[in-house]
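K.L.:
Just one file: final-v5.txt, with compact mmCIF, C-alpha atoms.
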```
# COMPACT_ATOMS: atom_id res chain seq x y z
CA LEU J 1 -46.84 -5.38 14.64
CA GLY J 2 -46.45 -6.80 18.13
CA PRO J 3 -45.29 -10.34 18.92
CA ALA J 4 -48.79 -11.74 19.49
CA ASP J 5 -50.07 -10.24 16.23
CA ALA J 6 -47.01 -11.47 14.35
CA LEU J 7 -47.52 -15.01 15.62
CA HIS J 8 -51.23 -14.85 14.76
CA SER J 9 -50.37 -13.67 11.22
CA ALA J 10 -47.77 -16.43 10.89
CA GLU J 11 -50.33 -19.05 11.93
CA GLN J 12 -52.82 -17.67 9.39
CA LEU J 13 -50.18 -17.84 6.65
CA TYR J 14 -49.46 -21.45 7.66
CA LEU J 15 -53.18 -22.31 7.47
CA LYS J 16 -53.30 -20.74 3.98
CA GLY J 17 -50.43 -23.02 2.95
CA VAL J 18 -47.95 -20.28 2.05
CA MET J 19 -45.56 -20.65 4.98
CA SER J 20 -44.21 -23.54 7.07
CA TYR J 21 -45.38 -24.17 10.62
CA PRO J 22 -44.32 -21.14 12.69
CA ARG J 23 -44.16 -22.74 16.13
CA THR J 24 -40.82 -24.47 15.83
CA GLU J 25 -37.44 -24.06 17.43
CA THR J 26 -35.65 -25.50 14.39
CA ASP J 27 -33.21 -23.00 12.89
CA LYS J 28 -31.21 -25.31 10.63
CA TYR J 29 -32.29 -26.85 7.31
CA ALA J 30 -32.43 -30.62 7.23
CA ASP J 31 -30.06 -32.30 4.76
CA ASN J 32 -32.99 -33.24 2.50
CA PHE J 33 -34.61 -29.76 2.48
CA ASP J 34 -35.18 -28.65 -1.13
CA LEU J 35 -33.43 -25.27 -1.06
CA GLU J 36 -33.31 -24.85 -4.83
CA GLY J 37 -36.97 -25.80 -5.24
CA THR J 38 -37.98 -23.22 -2.65
CA VAL J 39 -35.88 -20.55 -4.40
CA ARG J 40 -37.49 -21.53 -7.71
CA THR J 41 -40.93 -21.06 -6.10
CA LEU J 42 -39.91 -17.53 -5.10
CA SER J 43 -38.61 -16.63 -8.56
CA GLU J 44 -42.07 -16.05 -10.06
CA GLY J 45 -41.94 -12.71 -11.90
CA ARG J 46 -44.72 -11.00 -9.99
CA LEU J 47 -43.00 -11.16 -6.60
CA PRO J 48 -40.90 -8.18 -5.38
CA TRP J 49 -37.91 -10.45 -4.67
CA SER J 50 -38.10 -12.61 -7.80
CA GLY J 51 -35.07 -10.86 -9.33
CA GLU J 52 -32.90 -11.88 -6.37
CA ALA J 53 -34.26 -15.45 -6.57
CA ASP J 54 -33.48 -15.59 -10.31
CA LYS J 55 -29.89 -14.45 -9.66
CA LEU J 56 -29.44 -17.21 -7.10
CA LEU J 57 -30.74 -19.82 -9.54
CA LYS J 58 -28.44 -18.49 -12.26
CA HIS J 59 -25.27 -18.16 -10.15
CA GLY J 60 -25.88 -20.91 -7.61
CA LEU J 61 -27.01 -20.97 -4.02
CA ALA J 62 -24.59 -20.42 -1.19
CA GLU J 63 -24.42 -23.17 1.41
CA PRO J 64 -26.68 -22.22 4.31
CA ARG J 65 -25.14 -21.89 7.76
CA MET J 66 -24.60 -25.22 9.43
CA ASP J 67 -24.86 -23.99 12.98
CA GLY J 68 -28.23 -24.10 14.64
CA TYR J 69 -30.39 -27.02 15.59
CA ASP J 70 -32.80 -29.27 13.71
CA VAL J 71 -35.43 -30.29 16.26
CA GLY J 72 -36.85 -32.67 13.65
CA ASP J 73 -40.47 -31.59 13.98
CA HIS J 74 -40.62 -28.90 11.28
CA PRO J 75 -38.21 -27.00 9.04
CA PRO J 76 -37.17 -23.48 9.97
CA ILE J 77 -39.87 -20.95 9.20
CA THR J 78 -39.78 -20.75 5.40
CA PRO J 79 -42.08 -19.92 2.50
CA VAL J 80 -43.89 -22.94 1.06
CA ARG J 81 -45.33 -21.40 -2.09
CA ALA J 82 -45.57 -18.08 -3.89
CA ALA J 83 -48.40 -15.86 -2.71
CA THR J 84 -49.82 -12.46 -3.53
CA PRO J 85 -50.70 -9.60 -1.18
CA SER J 86 -54.39 -10.41 -1.63
CA GLN J 87 -53.79 -14.05 -0.63
CA CYS J 88 -51.81 -13.02 2.44
CA GLY J 89 -54.03 -10.14 3.52
CA SER J 90 -52.68 -8.35 6.58
CA GLY J 91 -49.89 -10.94 6.80
CA TRP J 92 -48.21 -9.78 3.57
CA ALA J 93 -45.42 -7.83 5.33
CA LEU J 94 -44.60 -10.86 7.46
CA TYR J 95 -44.69 -13.18 4.45
CA GLU J 96 -42.36 -10.84 2.57
CA GLU J 97 -39.88 -10.83 5.47
CA VAL J 98 -39.96 -14.64 5.68
CA CYS J 99 -39.32 -14.91 1.92
CA ARG J 100 -36.50 -12.36 1.96
CA HIS J 101 -34.96 -13.97 5.04
CA PHE J 102 -35.01 -17.40 3.39
CA LEU J 103 -33.34 -16.02 0.23
CA ALA J 104 -30.74 -14.28 2.40
CA THR J 105 -29.84 -17.61 4.06
CA VAL J 106 -28.81 -19.07 0.69
CA SER J 107 -27.23 -15.89 -0.71
CA PRO J 108 -23.50 -15.13 -0.86
CA ASP J 109 -21.74 -13.32 1.95
CA ALA J 110 -21.69 -9.55 2.12
CA GLU J 111 -18.14 -8.32 1.47
CA PHE J 112 -16.30 -5.26 2.74
CA ARG J 113 -12.97 -3.57 2.11
CA GLU J 114 -11.49 -2.28 5.35
CA ALA J 115 -8.36 -0.24 5.84
CA GLU J 116 -6.69 1.70 8.61
CA ALA J 117 -3.89 4.25 8.42
CA THR J 118 -1.90 5.99 11.12
CA PHE J 119 -0.40 9.42 10.42
CA ILE J 120 2.28 11.18 12.42
CA VAL J 121 2.29 14.96 12.15
CA GLY J 122 4.97 16.48 14.32
CA ASP J 123 4.51 14.91 17.75
CA GLU J 124 0.82 14.06 17.17
CA VAL J 125 -0.48 10.66 16.03
CA PHE J 126 -3.72 10.44 14.05
CA SER J 127 -5.52 7.44 12.70
CA ALA J 128 -8.09 7.02 9.98
CA ARG J 129 -10.25 4.06 9.12
CA SER J 130 -12.47 3.21 6.20
CA VAL J 131 -14.99 0.44 5.62
CA HIS J 132 -16.68 0.19 2.24
CA VAL J 133 -19.15 -2.40 1.00
CA THR J 134 -17.84 -4.20 -2.10
CA SER J 135 -20.73 -6.67 -2.40
CA GLN J 136 -24.14 -6.48 -0.70
CA GLY J 137 -24.52 -10.27 -0.83
CA TRP J 138 -27.29 -11.53 1.45
CA ALA J 139 -27.91 -8.04 2.84
CA GLY J 140 -29.27 -6.84 -0.51
CA VAL J 141 -32.19 -9.26 -0.55
CA ALA J 142 -32.75 -8.80 3.21
CA ARG J 143 -32.82 -5.02 2.67
CA ILE J 144 -30.17 -4.43 5.32
CA HIS J 145 -28.06 -1.33 4.79
CA PHE J 146 -24.53 -1.26 6.14
CA GLU J 147 -23.10 2.09 7.12
CA GLU J 148 -19.85 2.77 5.36
CA GLU J 149 -17.12 4.41 7.38
CA GLY J 150 -14.73 7.06 6.17
CA SER J 151 -15.34 9.61 3.46
CA ILE J 152 -12.20 8.41 1.65
CA ASP J 153 -11.60 4.76 0.78
CA ILE J 154 -8.18 4.40 2.38
CA ALA J 155 -7.64 0.98 0.78
CA ASN J 156 -7.63 2.65 -2.66
CA ALA J 157 -5.63 5.72 -1.64
CA GLY J 158 -2.31 4.22 -2.74
CA LEU J 159 -0.83 4.33 0.73
CA HIS J 160 1.79 1.91 1.99
CA GLU J 161 3.90 1.75 5.12
CA GLY J 162 6.37 4.62 5.19
CA SER J 163 4.43 6.82 2.73
CA VAL J 164 5.19 10.53 3.11
CA LEU J 165 2.22 12.85 2.64
CA GLU J 166 1.94 16.60 2.51
CA VAL J 167 -0.40 18.16 5.10
CA SER J 168 -2.65 20.52 3.17
CA LYS J 169 -5.03 21.61 5.91
CA VAL J 170 -5.21 21.50 9.70
CA GLY J 171 -8.44 22.16 11.57
CA LEU J 172 -10.07 21.60 14.92
CA MET J 173 -13.74 20.69 15.10
CA HIS J 174 -16.03 20.46 18.11
CA HIS J 175 -19.02 18.07 18.13
CA LEU J 176 -21.34 16.86 20.86
CA THR J 177 -22.91 13.44 21.16
CA THR J 178 -26.68 13.07 21.20
CA PRO J 179 -28.74 10.84 23.45
CA PRO J 180 -30.33 7.71 21.96
CA ARG J 181 -33.80 7.81 20.42
CA HIS J 182 -36.81 6.95 22.55
CA LEU J 183 -37.43 3.24 23.03
CA THR J 184 -40.25 1.68 20.98
CA GLU J 185 -41.95 -1.65 21.56
CA SER J 186 -40.06 -3.32 18.71
CA ALA J 187 -36.72 -1.89 19.89
CA LEU J 188 -37.43 -3.15 23.40
CA LEU J 189 -38.21 -6.64 22.10
CA GLU J 190 -35.03 -6.59 20.03
CA LEU J 191 -33.00 -5.71 23.12
CA MET J 192 -34.58 -8.56 25.06
```
The structure in this file should be written as structure tokens.

P.N.:
Amino acid sequence: LGPADALHSAEQLYLKGVMSYPRTETDKYADNFDLEGTVRTLSEGRLPWSGEADKLLKHGLAEPRMDGYDVGDHPPITPVRAATPSQCGSGWALYEEVCRHFLATVSPDAEFREAEATFIVGDEVFSARSVHVTSQGWAGVARIHFEEEGSIDIANAGLHEGSVLEVSKVGLMHHLTTPPRHLTESALLELM
């Protein structure tokens, strides 16, 4: 879906009354914006994201980011009411992204456990790092996957400064890098 088609779909969804006005530069919720009411609207059981909306209503909404700018003309692009794929037509994918994005803005933070260890073997110094997701938070509803780093969770390995470990295996591996994938229209727009 190119930018012109996306904007056309957004305008159609606005005219159908399922999404706020899409031609706005506002990216901050006004103080009187009904966040909980909008989440409640998205918690209807038939929607793919209703489970995430229900969890937010049960456990409480996170405060949305306070950076950004409220132009005052319209709210940020948000869902206005629950809709079905048949009501949205070809704009369903866009509507789903707007709904998931809104829920992500009032969801808890994603959390990670990071650790780094340095090992000295003879005269050589090696380092290892691990990053593991402990809570998907907003990324779960937004369907964003974070790559974990390190096959071993160093933070849970029981290491502390001065630990002495036995070297059980030494190996040398050779790998080559690969060039990046070909550029697509959407990747180009993202880079711009």

K.L.:
Applying 12 Å and all atoms listed in the file, which residues near segment 82-98 of chain J remain after dropping the ones on its own chain fewer than 3 positions away? List them as a compact mmCIF listing (two decimals) with C-alpha atoms, keeping the file's coordinate frame.

P.N.:
```txt
# COMPACT_ATOMS: atom_id res chain seq x y z
CA LEU J 1 -46.84 -5.38 14.64
CA GLY J 2 -46.45 -6.80 18.13
CA PRO J 3 -45.29 -10.34 18.92
CA ASP J 5 -50.07 -10.24 16.23
CA ALA J 6 -47.01 -11.47 14.35
CA LEU J 7 -47.52 -15.01 15.62
CA HIS J 8 -51.23 -14.85 14.76
CA SER J 9 -50.37 -13.67 11.22
CA ALA J 10 -47.77 -16.43 10.89
CA GLU J 11 -50.33 -19.05 11.93
CA GLN J 12 -52.82 -17.67 9.39
CA LEU J 13 -50.18 -17.84 6.65
CA TYR J 14 -49.46 -21.45 7.66
CA LEU J 15 -53.18 -22.31 7.47
CA LYS J 16 -53.30 -20.74 3.98
CA GLY J 17 -50.43 -23.02 2.95
CA VAL J 18 -47.95 -20.28 2.05
CA MET J 19 -45.56 -20.65 4.98
CA SER J 20 -44.21 -23.54 7.07
CA PRO J 22 -44.32 -21.14 12.69
CA GLY J 37 -36.97 -25.80 -5.24
CA THR J 38 -37.98 -23.22 -2.65
CA VAL J 39 -35.88 -20.55 -4.40
CA ARG J 40 -37.49 -21.53 -7.71
CA THR J 41 -40.93 -21.06 -6.10
CA LEU J 42 -39.91 -17.53 -5.10
CA SER J 43 -38.61 -16.63 -8.56
CA GLU J 44 -42.07 -16.05 -10.06
CA GLY J 45 -41.94 -12.71 -11.90
CA ARG J 46 -44.72 -11.00 -9.99
CA LEU J 47 -43.00 -11.16 -6.60
CA PRO J 48 -40.90 -8.18 -5.38
CA TRP J 49 -37.91 -10.45 -4.67
CA SER J 50 -38.10 -12.61 -7.80
CA ALA J 53 -34.26 -15.45 -6.57
CA PRO J 76 -37.17 -23.48 9.97
CA ILE J 77 -39.87 -20.95 9.20
CA THR J 78 -39.78 -20.75 5.40
CA PRO J 79 -42.08 -19.92 2.50
CA HIS J 101 -34.96 -13.97 5.04
CA PHE J 102 -35.01 -17.40 3.39
CA LEU J 103 -33.34 -16.02 0.23
CA ALA J 104 -30.74 -14.28 2.40
CA THR J 105 -29.84 -17.61 4.06
CA VAL J 141 -32.19 -9.26 -0.55
CA ALA J 142 -32.75 -8.80 3.21
CA ARG J 143 -32.82 -5.02 2.67
CA ILE J 144 -30.17 -4.43 5.32
```

K.L.:
Which residues are near Ser130 of chain J? Cut-off 6 Å, only C-alpha atoms, ignore same chain within fewer than 6 positions. Put them as number ranges by chain.

P.N.:
J: 114-115, 149-150, 153-154

K.L.:
For the atom pair atom CA of Gln136 of chain J and atom CA of Ile152 of chain J, what is the interatomic distance in Å to one decimal place?

P.N.:
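Separation of atom CA of Gln136 of chain J and atom CA of Ile152 of chain J: 19.2 Å.
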
K.L.:
Given all atoms listed in the file as the basis, pick out the residue of J:Ala110, J:Phe119, J:Phe33, J:Asp54 nearest to Leu165 of chain J.

P.N.:
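Looking only at the distances to Leu165 of chain J, the closest residue turns out to be J:Phe119.
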
K.L.:
Report, in Å with one decimal, the straight-line distance from atom CA of Ala139 of chain J to atom CA of Ser186 of chain J.

P.N.:
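Rounded to one decimal, the two atoms are 20.5 Å apart.
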
K.L.:
Wanna dump the segment 70-137 of chain J-segment 23-32 of chain J contacts at 7 Å for me, each residue with its shortest atom pair and the distance in Å to one decimal, counting only C-alpha atoms, ordered by chain and number, as JSON lines?

P.N.:
```
{"residue": "J:Asp70", "atom": "CA", "partner": "J:Thr26", "partner_atom": "CA", "distance": 4.8}
{"residue": "J:Val71", "atom": "CA", "partner": "J:Thr26", "partner_atom": "CA", "distance": 5.1}
{"residue": "J:His74", "atom": "CA", "partner": "J:Thr24", "partner_atom": "CA", "distance": 6.4}
{"residue": "J:Pro75", "atom": "CA", "partner": "J:Thr26", "partner_atom": "CA", "distance": 6.1}
{"residue": "J:Pro76", "atom": "CA", "partner": "J:Asp27", "partner_atom": "CA", "distance": 4.9}
```

K.L.:
Find the distance between atom CA of Glu124 of chain J and atom CA of Leu159 of chain J and write it in Å to one decimal.

P.N.:
19.2 Å

K.L.:
Measuring atom to atom with only C-alpha atoms, identify which of J:Pro180, J:Phe112, J:Val170, J:Asp73 is nearest to Glu147 of chain J.

P.N.:
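Using only C-alpha atoms, Glu147 of chain J sits closest to J:Phe112.
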
K.L.:
The residues within 7 Å of (-10.0, 4.9, 10.5), using all atoms listed in the file and the coordinates of the file, should be reported as a ChimeraX atom specification; which are they?

P.N.:
/J:116-117,127-130,150

K.L.:
For Gly140 of chain J, which residue out of J:Lys55, J:Arg81, J:Arg113, J:His175 is the nearest one, using all atoms listed in the file?

P.N.:
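So, comparing all the options, the nearest one is J:Lys55.
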